[in-house]
Structures are given as structure tokens and as C-alpha cells.
Amino acid sequence: MKKLFAAVGVFLLAFSLPLSGSAAGKQVFSDVPPSKHFANAVNELAARDIIGGYPDGTFKPGNSITRGQAAAIIAKMIGLDTSYRIEQKFTDVPESYGFNRAIARMAEEGIIGGYPDGSFKPDEPIKRKNMAAILVKAFKLPRDVELKNPFKGEVGITKDVLVIYKLGITSGTSPTTFSPNASITRGQASKMLVAAEQAVMKNAVTVKAGDLEWDTIESFVADQVNSGAFRAVKVKGKNGIQDQVQLFPIKEGTGGIVLGGRTAKGEWKNQKYYVHVKKEAGVLRMTLEKTDDSLPNEVALNTKYKPVKNIALAKKDGEKISDDVMIVRNEYNFTYIMMEQPGEYIATVLFENGEEVRYSVTAHESEDSFLYDAYAMEIGPAENFK
């Protein structure tokens, strides 16, 4: 029965997709002008009859949204059938309560929970961390993931909080805080709900270990090629093994990801993909292209804080590459140049004081990186090699 319901839920969601920009952009409430960051989300949900306002034509976006209201709105968004009565598990949600059936259905599906004393507290403002938990379950966002926590020292930073933050469904209340125990306003909740729905609809792609004839996918590198085009999270399969990566498109462009995992024999493997993100009919679509490309990378020359006048580069066999290599940047005691091709080179650095020093530079292709593995070592004053 649950499988049947899940299929029906997906069907209903497909018919509750966001409206056109003109419909969503129409101002519905007098206190939600277009300048508000949540205006489009509020107007869209109102046009779809998912949320409503007050008799005076206002929405009161700054008011807190309650646990009961959140349950009812999300139940409607994901297409839960609340037309029939089921037994209510919470002691403080009587049959006469307006959101009784929505709360009961959400609880039946395991999307919401109550308190140890058997209550739900439907009129209590919902907290940011609780909304995160509901969104992850309701929209079937990746749950068993490994994510870094940028909000150190805060009590209440759950994995669900990190998931919705990673997927861009909501931001922190500051660069270092999320305020998981703070309540959510009606305007903020509207924006989060639409963003969560869009995360599902953004044509997310899942790469499974089995697709690569591996047993596990244990790592990925996704920040070397146009990292803003997509986001990626590691996900465990039903058997608890780390064997999947889910990718979510963010904006048009081509990025890159390197996956790492093990075969049934325990052999470590890597696979590179270009991640192409294109907008089709107003929706971001994503395709993956296997590749073994390696791309140019910087190499650091330890120039010991001395000002550099010029750098010449030649192959180790003496073939000249450039008499004046562009310096990418200087950082602390290092001077960085770009290695465009793999190979073994000699870099000759001329310092402002007239001193010349040679460096042995090696750049080679790497299976676990999109960028050349490049390193340099000082080999002595240039005069010693003349």
C-alpha cells in the first residue's frame, strides 16, 4: 500500500510544479512586495492554493509558522491524501483541530514526530532544525550523507540541517551560525518549501557504485572545475554501505567531479566526469560525461620571500618553453606559475637582486584529480649549470 501511495504522491507532485514566472511573480498580498526575498515563493504557493493569507489581504510574513501549519502545508505540497480520517497518535491534536488529518497522515508516513509525552504541540512555532528534518523526509532528500559542519559550537546542528544547507535550500543566519533552535517566519518557510521542492525537480543525478562495477563510492573531489555549477553529496545505500553520490545542478556551465571507491576485491579505483548543466524549458538539466582528462595546474616555487623579476621555463632536455613565464600569484615565500602540459622542466628564476636559481619542476597526469600533480624543487644557482 505504501508503494502505491508513493507512486501516487510522485504523480500528484508532478502536477503541482511551480507556475510560470509571470504567475509566480504576481503580488498576491499587500504586505509581500516584490522587493522581499521570499516574495516569489509566497506568491507561487498562494497561486497554487497551498498557502493562504488573512481576511484583510495580508500574509503577515514575519509571523512565526506553527508545527501544525507546517505539517498541513507540506502534506498538501507532496500530495498526501487527507480526505479520510485515521487514528490520531498525538494526545494534544483532537479531531476538532483544523490540521488533525494532515498531522495524522504526516505521522503515518514517518515524516513528522512528536514529543516523549505523546504530544505534538501543534500551535508551537516550528524550529529551524525541525523544519530541516521534515523537509528532508518529505521531499526524500539525501539523508545518510557525509558533510562538513561550518557551524561550530552550536547545539542542534543535525545532519538534516547540513543537508538543506549544502543543497542551498536555506542559508545560515550568519556565515558561522545556523540558529537551529530559532523559529521560522511564514515568509522564510515559504522560500524554504519552494527551494526544497526545486531540489527534487532539478533533475538530480545519482551515481551508484554498481554503475562503475565497484562495491563502494567513498570519496569525491568536486571543487577543481567550475565548482559553482553543481553540488554533490555522498549517500549510503539501503544496506548502509557508502555506495552512492547524488549531484544537484545549481547553474548552467560545465564542472567536474572525481569519484573514488573500491571494487569487490578491495582495489581502489577513480573515475572522472565532466558535469554538464544546461537549462531546458526553464529547468536545469544535468548530464555526466566520463573522461580521463587532466587539466593545467599551478606549481609553487619556494622563492624565499625574495622579489622575482623573471622566470624562464624549458624542458629538461633543453627545449625552450618560454623566456618569460606569467606569474600567477605570490603567497608567503612561494611564487606560483601554471603548468600547461605534463612533463619534466627546469624553471630559471631571476630575482630583483640579480641572483638566478634553477628549479626542477615535474607535472604529471593524476587519476584522482582533474588537475596535473605538479611539484618543484630548488636545484641550485643557475651559474652552476652554465
# chains A, B, ... in the order shown; residues from 1 in each chain; ligands from 1
>>> residues_around(residues="Thr348 in chain A", least_positions_apart="6", cutoff="12 Å", atoms="only C-alpha atoms", output="ChimeraX atom specification")
/A:301,303,308-316,318,320-325,337,355-361,376-383,385-386
>>> select_by_dssp(residues="range 48-233 of chain A", states="strand (DSSP E)", output="list in words")
Val205, Thr206, Val207, Lys208, Ser219, Phe220, Val221, Phe230, Arg231, Ala232 and Val233 of chain A
>>> closest_residue(among="A:Asp123, A:Ala209, A:Tyr274, A:Lys269", to="Gln242 in chain A", atoms="only C-alpha atoms")
A:Ala209
>>> closest_residue(among="A:Gln27, A:Val207, A:Asn239, A:Val349", to="Lys290 in chain A", atoms="only C-alpha atoms")
A:Val207
>>> closest_residue(among="A:Ala133, A:Met326, A:Ala182, A:Ala71", to="Ala107 in chain A", atoms="only C-alpha atoms")
A:Ala71
>>> residues_around(residues="Ala199 in chain A", least_positions_apart="6", cutoff="9 Å", atoms="only C-alpha atoms", output="compact mmCIF listing (two decimals) with N, CA, C and O atoms, in the first residue's frame")
# COMPACT_ATOMS: atom_id res chain seq x y z
N PHE A 139 10.53 15.47 1.13
CA PHE A 139 10.94 15.58 -0.26
C PHE A 139 11.99 14.54 -0.65
O PHE A 139 12.57 14.61 -1.72
N LEU A 141 15.02 13.97 0.29
CA LEU A 141 16.35 14.48 0.02
C LEU A 141 17.37 13.50 0.59
O LEU A 141 17.03 12.68 1.45
N LEU A 167 22.50 21.84 0.08
CA LEU A 167 21.74 21.89 -1.16
C LEU A 167 21.22 23.29 -1.49
O LEU A 167 20.53 23.49 -2.48
N GLY A 168 21.52 24.26 -0.63
CA GLY A 168 21.13 25.63 -0.91
C GLY A 168 19.66 25.92 -0.64
O GLY A 168 19.13 26.93 -1.09
N ILE A 169 19.00 25.04 0.12
CA ILE A 169 17.59 25.25 0.44
C ILE A 169 17.43 26.42 1.40
O ILE A 169 16.45 27.16 1.36
N PHE A 248 23.40 17.68 -7.69
CA PHE A 248 22.28 18.60 -7.87
C PHE A 248 22.76 19.81 -8.67
O PHE A 248 23.69 20.50 -8.26
N PRO A 249 22.17 20.06 -9.84
CA PRO A 249 22.59 21.23 -10.64
C PRO A 249 22.24 22.54 -9.94
O PRO A 249 21.19 22.66 -9.32
>>> closest_residue(among="A:Thr176, A:Asn353, A:Thr185, A:Thr158", to="Lys306 in chain A", atoms="only C-alpha atoms")
A:Asn353
